[in-house]
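Q: Sending over a structure as structure tokens; questions will come in a sec.
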Number of protein chains: 4
Amino acid sequence: MSINTQPLKGIIVPMATPLFSNGDFDKKGTERLIRHLLNGGIHGIFVLGTTGEAASLKPSIKKTLISTTCDFVNGKVPVLVGISHTCMEISIKLAYHAKEAGAQAVVAITPYFFPMDQADLLAYYETLASACPLPLYLYNFPAMTKCNLEPDTVLQLAQHPNIHGVKDSSGNGVYFQKLLAVKTSRPEFSVLAGPDEMLAQALLVGADGGVNGGGNIFPSLYAKLYEAAVNRDMETVQKLQDWVISISDKIYNCSPKSSGYISGVKESLYHLGICEPHLSPPLQPIDKSAKENIRQNLEKLIYGIKNL
Amino acid sequence: MSINTQPLKGIIVPMATPLFSNGDFDKKGTERLIRHLLNGGIHGIFVLGTTGEAASLKPSIKKTLISTTCDFVNGKVPVLVGISHTCMEISIKLAYHAKEAGAQAVVAITPYFFPMDQADLLAYYETLASACPLPLYLYNFPAMTKCNLEPDTVLQLAQHPNIHGVKDSSGNGVYFQKLLAVKTSRPEFSVLAGPDEMLAQALLVGADGGVNGGGNIFPSLYAKLYEAAVNRDMETVQKLQDWVISISDKIYNCSPKSSGYISGVKESLYHLGICEPHLSPPLQPIDKSAKENIRQNLEKLIYGIKNL
Amino acid sequence: MSINTQPLKGIIVPMATPLFSNGDFDKKGTERLIRHLLNGGIHGIFVLGTTGEAASLKPSIKKTLISTTCDFVNGKVPVLVGISHTCMEISIKLAYHAKEAGAQAVVAITPYFFPMDQADLLAYYETLASACPLPLYLYNFPAMTKCNLEPDTVLQLAQHPNIHGVKDSSGNGVYFQKLLAVKTSRPEFSVLAGPDEMLAQALLVGADGGVNGGGNIFPSLYAKLYEAAVNRDMETVQKLQDWVISISDKIYNCSPKSSGYISGVKESLYHLGICEPHLSPPLQPIDKSAKENIRQNLEKLIYGIKNL
Amino acid sequence: MSINTQPLKGIIVPMATPLFSNGDFDKKGTERLIRHLLNGGIHGIFVLGTTGEAASLKPSIKKTLISTTCDFVNGKVPVLVGISHTCMEISIKLAYHAKEAGAQAVVAITPYFFPMDQADLLAYYETLASACPLPLYLYNFPAMTKCNLEPDTVLQLAQHPNIHGVKDSSGNGVYFQKLLAVKTSRPEFSVLAGPDEMLAQALLVGADGGVNGGGNIFPSLYAKLYEAAVNRDMETVQKLQDWVISISDKIYNCSPKSSGYISGVKESLYHLGICEPHLSPPLQPIDKSAKENIRQNLEKLIYGIKNL
């Protein structure tokens with residue numbers, strides 16, 4: 001268990017999981033994707049998150065993905081591994097695998113089947129953090145899990161030596177501002193913003209970074225936005241944030257499906273020549289017209305963002 | 001793939017999973033519980049449902065539980081096995097294990113991490129049903145899964161030769177009545193009611209049976225209520241249903257926790273000398289006063305129900 | 001304040017409010033509608049409920065509607081008047097108007113702007129009941145109000161001498177069964193079921209009656225279903241309930257709009273020659289194809305129900 | 001109908017409504033409160049919003065409050081009047097009263113009884129805006145109304161010459177960022193942030209101002225935060241925003257009640273000697289210990305904020 005001395009900072013990309021049409025793991029595609037991310041200047045890679053379709057992947061793919069990523073990243077940036085599961089033992093085992101593979105930290109979402117109360121969540125994370133051989137990051141995403149990890153609970157958990165930060169994907173600006181207050185008593189605790197669309201506002205009020213799915217497609221855009229926010233270059237922040245909103249409108253929202261966001265990321269990676277766009281069941285592909293819209297919108301975005 | 005010729009009927013008990021305090025599976029306790037259920041005259045056993053804490057159990061316990069149950073039941077009543085998971089391949093593998101162990105059917109809840117739309121659910125169940133070596137029952141529980149399997153979707157899925165019925169735990173009386181309409185075109189499709197509290201009303205309007213957690217504690221009460229409803233003995237139905245509501249008030253609701261229902265069942269089994277009351281994490285135990293209330297209430301219920 | 005000695009029973013029709021295209025109240029249409037209801041054998045009329053678009057109507061229309069209804073019904077059946085409002089003084093004033101007009105009771109939904117907790121609801125109804133010059137019925141409809149009037153709260157309120165019953169439109173079968181338990185200690189407290197689709201199951205387990213929007217269109221169908229349930233004629237209950245479900249599918253659900261149910265009722269009344277189909281803003285009309293579907297479906301329903 | 005040439009900017013205080021214990025309107029208290037606000041340097045006053053308990057007030061109080069406010073403010077800052085109601089005619093009449101009293105604009109929340117879809121909301125606001133004699137501001141608050149005014153709907157409504165802006169109290173940072181995109185095509189359209197806790201982040205990414213309940217208590221704090229954000233004085237923004245969060249924690253959240261926020265504002269005004277703390281039913285008072293906590297916390301906040 002390492003001592004946390006400074007918060008994890010910057011753009012952590014929740015990496016998509018390249019898959020073949022038969023569901024098999026695409027190792028070469030994964031390496032292309034990692035190279036694309038590292039070239040873009042991002043600050044960390046998070047595998048097996050929501051964007052990575054962790055809940056849908058079978059155990060063997062999870063393990064291969066972790067090993068492949070750690071090997072290929074080779075220490076250039078931290079690798080965070082999602083160990084989210086409704087069964088704690090499965091999470092702990094995966095954390096050990098991540099440790100052996102060379103990952104730097106693990107991330108666990110709140111359990112997502114049975115509704116949890118705050119006492120349940122406190123007990124869950126304390127046990128998990130003590131059992132994990134790598135630093136643990138909390139992950140809040142009520143739209144998926146039906147529970148909200150309250151700021152007071154996070155404040156208590158931040159006292160645990162092996163809990164190093166929190167990723168919040170709630171989209172709730174009031175909640176996020178209250179999470180940031182945890183940093184008053186524990187400045188080295190990392191508070192990371194989930195939804196791409198909130199990246200600028202989160203960074204400007206003190207977030208340590210963002211976990212941005214759009215970073216799969218345009219890693220340097222997000223990395224530059226982060227730098228601009230750190231440097232209080234408000235004009236650049238505004239300009240880059242406008243592109244982030246365009247990506248949301250033009251790529252994520254091309255389909256009304258809840259999973260349209262993940263499809264948008266994977267379709268874009270396909271057009272960038274990085275990997276095939278297949279999702280793992282139960283997620284279903286978006287329809288042809290949505291795919292075509294993404295293709296056309298992506299071209300314009302590439303052109304615009306290239307010329308920044 | 002067997003041909004469905006008549007609906008599964010009666011009281012199917014969603015069996016609790018006996019565990020030791022260290023989390024290990026309690027085989028002897030499981031056998032005591034099964035004997036208790038069979039002696040009570042129930043019509044089927046459903047392992048690895050919500051009451052069985054399926055989402056929290058590690059794979060090895062799931063497999064042992066299935067084998068133990070099938071061996072001990074030995075064909076006296078049908079054994080249904082929950083294969084619910086967010087990863088379809090894990091569900092299919094478990095279905096094969098159930099088949100080999102001698103189970104009669106499998107049950108799958110709607111995927112519970114990413115929000116699903118009706119097209120997703122249709123594709124999911126069609127693929128799963130075709131891949132499963134045992135008859136498949138649909139399972140709707142929006143409070144856990146955030147999605148509702150609409151009656152029109154169930155109607156379409158009821159055309160699949162390997163989908164034999166549906167268990168609904170929504171508690172929604174309008175929805176349930178619409179589910180029953182599926183039986184107009186496919187009378188052999190089994191429609192089973194989830195919440196204990198709705199058992200009488202469901203049976204009186206045409207449900208084939210109930211999946212009743214309270215059957216773990218008082219199997220004969222539920223079996224008798226089923227018989228009374230079949231015989232249109234309205235007075236007995238009313239009298240027994242009042243006891244079902246008492247069990248809900250006095251056992252399930254002793255704690256404000258969402259998981260209080262499962263604790264109520266397991267604490268009761270403990271006082272009946274069947275097994276220990278431990279839950280699998282992330283579910284947390286209820287507090288001492290709630291446990292004490294259950295103990296006291298259970299005594300009164302036992303006395304009252306014995307004298308029916 | 002009258003003493004409640006026996007529960008209100010039977011089919012209480014939540015009467016639609018006939019309006020002209022300019023928004024004015026249609027007095028003649030209202031009289032035709034009341035005559036249609038009374039001829040159908042229903043047991044009570046509830047004006048200014050959700051089906052009556054109470055929240056959208058201006059004060060002058062509300063008053064005229066109450067007077068017109070009381071005058072025309074002339075004591076043949078009880079008239080209940082909705083006094084639901086977020087401002088208690090407005091509710092009380094309307095209750096006095098109802099009293100003067102000759103109505104028998106008033107009905108108030110839980111306040112629907114600010115989220116209420118159970119203590120708020122208890123205080124609200126106790127104050128309102130004491131201030132109202134007519135017997136008060138509680139009204140639970142969480143889909144509209146965001147709050148649920150818990151069974152324990154209803155149990156406490158049932159002790160108030162001027163609170164005579166509850167109408168539940170939640171559609172929650174577990175909740176409804178618990179409401180019925182209030183009758184154990186206060187048998188004269190009337191428990192009425194809201195959604196048409198649940199009428200049969202509610203009556204069979206002990207509800208005193210139903211508040212059924214479909215009764216505007218087919219009053220005798222609902223009255224007959226009530227009689228059949230009272231007489232435990234299960235075959236007739238089942239047959240009539242199937243028609244109730246058909247009305248739900250073929251009339252209420254022709255439009256995906258939340259207000260499609262009200263449009264379905266009003267379009268049907270239009271085709272029956274009773275009144276025009278206009279809604280009061282902010283509710284918007286359904287589209288032409290939905291209107292045409294309703295017209296065609298209504299013809300078949302009329303034919304089928306006539307031949308019962 | 002005035003032509004909108006520049007957006008409304010700054011801190012608009014949603015004014016609490018001073019009431020006596022018998023429910024009567026407190027004119028002197030209102031004047032004291034207005035003087036307090038004007039002295040604090042705020043940029044506008046919004047009467048009859050959620051903080052002003054508009055839904056609970058009887059019509060006569062609403063009218064007197066509007067007249068009193070317009071008279072006393074006397075043009076020093078714009079007065080905005082809430083006309084929110086489920087009945088459109090009542091809203092329009094109130095808008096005319098506001099016009100005659102000398103108010104500058106009106107504000108209408110989305111209708112809050114029947115669930116509305118986007119087509120309903122579009123039609124509603126277009127009709128209302130055309131009928132109102134004063135500029136109309138949209139008001140989104142899903143926690144109260146169960147509906148969200150989607151950014152695309154706001155974009156369409158922003159084309160209406162009499163719709164001048166939007167107040168968003170959703171707390172949703174993704175949504176708010178998308179609202180801001182409306183300003184790309186209509187820069188004079190005012191986008192105002194609701195929850196106090198989000199004020200800094202909203203202003204830093206381009207919001208025109210905030211509608212901040214805490215401004216009732218500490219008007220100059222919010223006004224200074226606005227100025228600091230306009231001047232890109234990030235250090236001051238951060239420091240003042242920390243106080244805003246303290247007000248939220250120490251005043252609004254002293255009671256678990258949903259209405260605890262309004263009680264927090266009114267208790268504070270009471271301790272400041274401005275008016276009595278009474279709420280209008282159905283809102284209920286918070287308990288004594290919560291009142292005492294507010295009193296103690298307020299003292300510390302006054303001391304700290306005074307010394308900024």
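In the structure tokens, chains take the letters A, B, ... in the order shown, each chain's residues start at 1, and ligands count up from 1 in the order shown.
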When the cut-off is 8 Å and we count only C-alpha atoms, which residues of chain D are near chain A, given as number ranges by chain?

A: D: 171-174, 177-178, 195, 197-198, 200-202, 204-205, 238, 245

Q: What are the closest atom pairs, with distances in Å to one decimal, for each residue of segment 152-228 of chain B lying within 12 Å of segment 266-273 of chain B, using only C-alpha atoms, rows by chain and rising residue number, as a tab-separated table?

A:
residue	atom	partner	partner_atom	distance
B:Gly213	CA	B:Lys266	CA	10.3
B:Gly214	CA	B:Ser268	CA	9.8
B:Gly215	CA	B:Leu269	CA	10.9
B:Asn216	CA	B:Leu269	CA	7.6
B:Ile217	CA	B:Leu269	CA	6.3
B:Phe218	CA	B:Ser268	CA	9.8
B:Pro219	CA	B:Leu269	CA	11.8

Q: Any chance you could export the current selection's N, CA and C atoms as an mmCIF file, in the first residue's frame?

A:
data_model
loop_
_atom_site.group_PDB
_atom_site.id
_atom_site.type_symbol
_atom_site.label_atom_id
_atom_site.label_comp_id
_atom_site.auth_asym_id
_atom_site.auth_seq_id
_atom_site.Cartn_x
_atom_site.Cartn_y
_atom_site.Cartn_z
ATOM 1 N N GLY B 213 -40.288 -14.880 -1.665
ATOM 2 C CA GLY B 213 -39.185 -14.997 -0.723
ATOM 3 C C GLY B 213 -39.635 -15.500 0.638
ATOM 4 N N GLY B 214 -40.848 -15.113 1.036
ATOM 5 C CA GLY B 214 -41.382 -15.561 2.309
ATOM 6 C C GLY B 214 -41.560 -17.062 2.380
ATOM 7 N N GLY B 215 -41.594 -17.686 1.202
ATOM 8 C CA GLY B 215 -41.686 -19.140 1.148
ATOM 9 C C GLY B 215 -40.475 -19.823 1.748
ATOM 10 N N ASN B 216 -39.344 -19.122 1.847
ATOM 11 C CA ASN B 216 -38.194 -19.687 2.555
ATOM 12 C C ASN B 216 -38.522 -19.972 4.016
ATOM 13 N N ILE B 217 -39.338 -19.071 4.607
ATOM 14 C CA ILE B 217 -39.632 -19.168 6.038
ATOM 15 C C ILE B 217 -40.869 -20.031 6.292
ATOM 16 N N PHE B 218 -41.930 -19.690 5.565
ATOM 17 C CA PHE B 218 -43.229 -20.341 5.776
ATOM 18 C C PHE B 218 -43.709 -20.982 4.471
ATOM 19 N N PRO B 219 -43.036 -22.012 4.001
ATOM 20 C CA PRO B 219 -43.405 -22.553 2.680
ATOM 21 C C PRO B 219 -44.866 -22.998 2.592
#

Q: Do a neighbour search on Lys257 of chain D at 12 Å with only C-alpha atoms, toss out local chain neighbours closer than 4 positions, and write the hits as a list in words.

A: Phe114, Pro115, Met116, Asp117, Gln118, Ala119 and Asp120 of chain C; Tyr252, Asn253, Tyr261, Ile262, Ser263, Gly264, Leu283, Gln284, Pro285, Ile286, Asp287 and Ala290 of chain D

Q: I need the helix (DSSP H, G or I) residues of segment 61-172 of chain A per DSSP on the backbone, written as a PyMOL selection string.

A: chain A and resi 61-73+88-101+118-131+142-145+151-157

Q: Counting only C-alpha atoms, what is within 7 Å of Pro151 of chain A, bar same-chain residues fewer than 2 positions away, as a PyMOL selection string?

A: chain A and resi 149+153-155+178-179

Q: Give me the residues within 7 Å of Leu192 of chain B as a PyMOL selection string, counting only C-alpha atoms and dropping any in the same chain fewer than 2 places off.

A: chain B and resi 166-168+190+194+207-211

Q: Would you kindly return, as a ChimeraX atom specification, each protein, DNA or RNA residue with an atom no farther than 7 Å from any atom of Glu276 of chain A, considering only C-alpha atoms and excluding same-chain residues fewer than 6 positions away?

A: /A:18-20,270

Q: Do you know which residues are at most 7 Å from Ile66 of chain D counting only C-alpha atoms, after dropping those on the same chain fewer than 3 positions away, and could you put them as an MDAnalysis selection string?

A: chainID D and resid 62:63 69:70 98 101
